[in-house]
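Novice: Structure provided below as structure tokens; questions to follow.
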Amino acid sequence: MPIPPEVTGEEIDPDVRQELMSLPKGLAEDVSRNLVMVAQLIDEEPEKAYEYSRVALRLASRVAAVREAAGFAAYATQKYSEALAEFRAARRMTGSVELWPVMADCERGLGRPERALAMAGEAEVQKLDKAGQVEMRLVAAGARRDMGQLDAAIVTLQSPELASSANHPWTARLRYAYADALLAAGREAEAREWFGKALEADKDGSTDASDRLAELDGVEFVDAFEDEDEDDVEDDIEARDDLDADEDDERDERDDV
């Protein structure tokens, strides 16, 4: 696949670049450029990111960072079986438990929430850092909801991390998940409170908490540009009608003459 010339591969994470040093220089550069494209496209154009990840995988399937990138690209395109296989391969290569939560979420994606819950109870979870443990809690709550266990999902999310007033990268998502579970359980007043708390913590707009709050408050947003476009169309129609009427009058006058 074509790669813009300005993408050199130097943009890659230093740890990944270190892994790629086991490859011949030219090959390492090709792989790194494809990985850069994966990172740049995975949020907005996941299908394209997936294609670049497959190229990198063909070039360097024995590099853990490549398997991990291929896993995330597959995950972003909801190819959960493929993603799980890649994550497992990366974990075998590194021995790291870092991917444990996303592996569990792949099980959810494959319609196996009970496996995700089982993974939430494994010893690997205790080896995760705080962010990883919160992520695992989110996955476990999602699995409970998949199984129709709303109250259990709510309890799963209740934790010191949820109650903390500190703002971490995962705080907004945790509060949002809790609010969403409360709303699903019909606890609207509490849900509104927690959507508000999620919005307070959401400095980079990672959730749509503001929209959910507006929905609960019965606020409807009107697209001003759309209204202007509609007004322009109506004006054009009226103008054409006036022009047609003028032309009809002119024809009538000529006929009378």
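Ordered as shown in the structure tokens, chains take letters A, B, and onward, while each chain numbers its residues from 1 and ligands are numbered from 1 in the order shown.
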If DSSP is run on the backbone, what residues of range 27-130 of chain A are alpha helix (DSSP H)? A reply as a ChimeraX atom specification would be ideal.
Specialist: /A:27-41,46-59,64-76,80-94,100-109,113-120,130
Novice: Name all residues at most 12 Å from Asp208 in chain A (count only C-alpha atoms; drop same-chain ones fewer than 6 positions away) and give them as a PyMOL selection string.
Specialist: chain A and resi 172-173+175-177+179-180+195-196+198-200+202+214-215
Novice: Skipping near chain neighbours, those fewer than 4 positions away, what residues fall within 12 Å of Glu114 in chain A using only C-alpha atoms, listed as an NGL selection string?
Specialist: :A and (104-110 or 118-121 or 139-149)
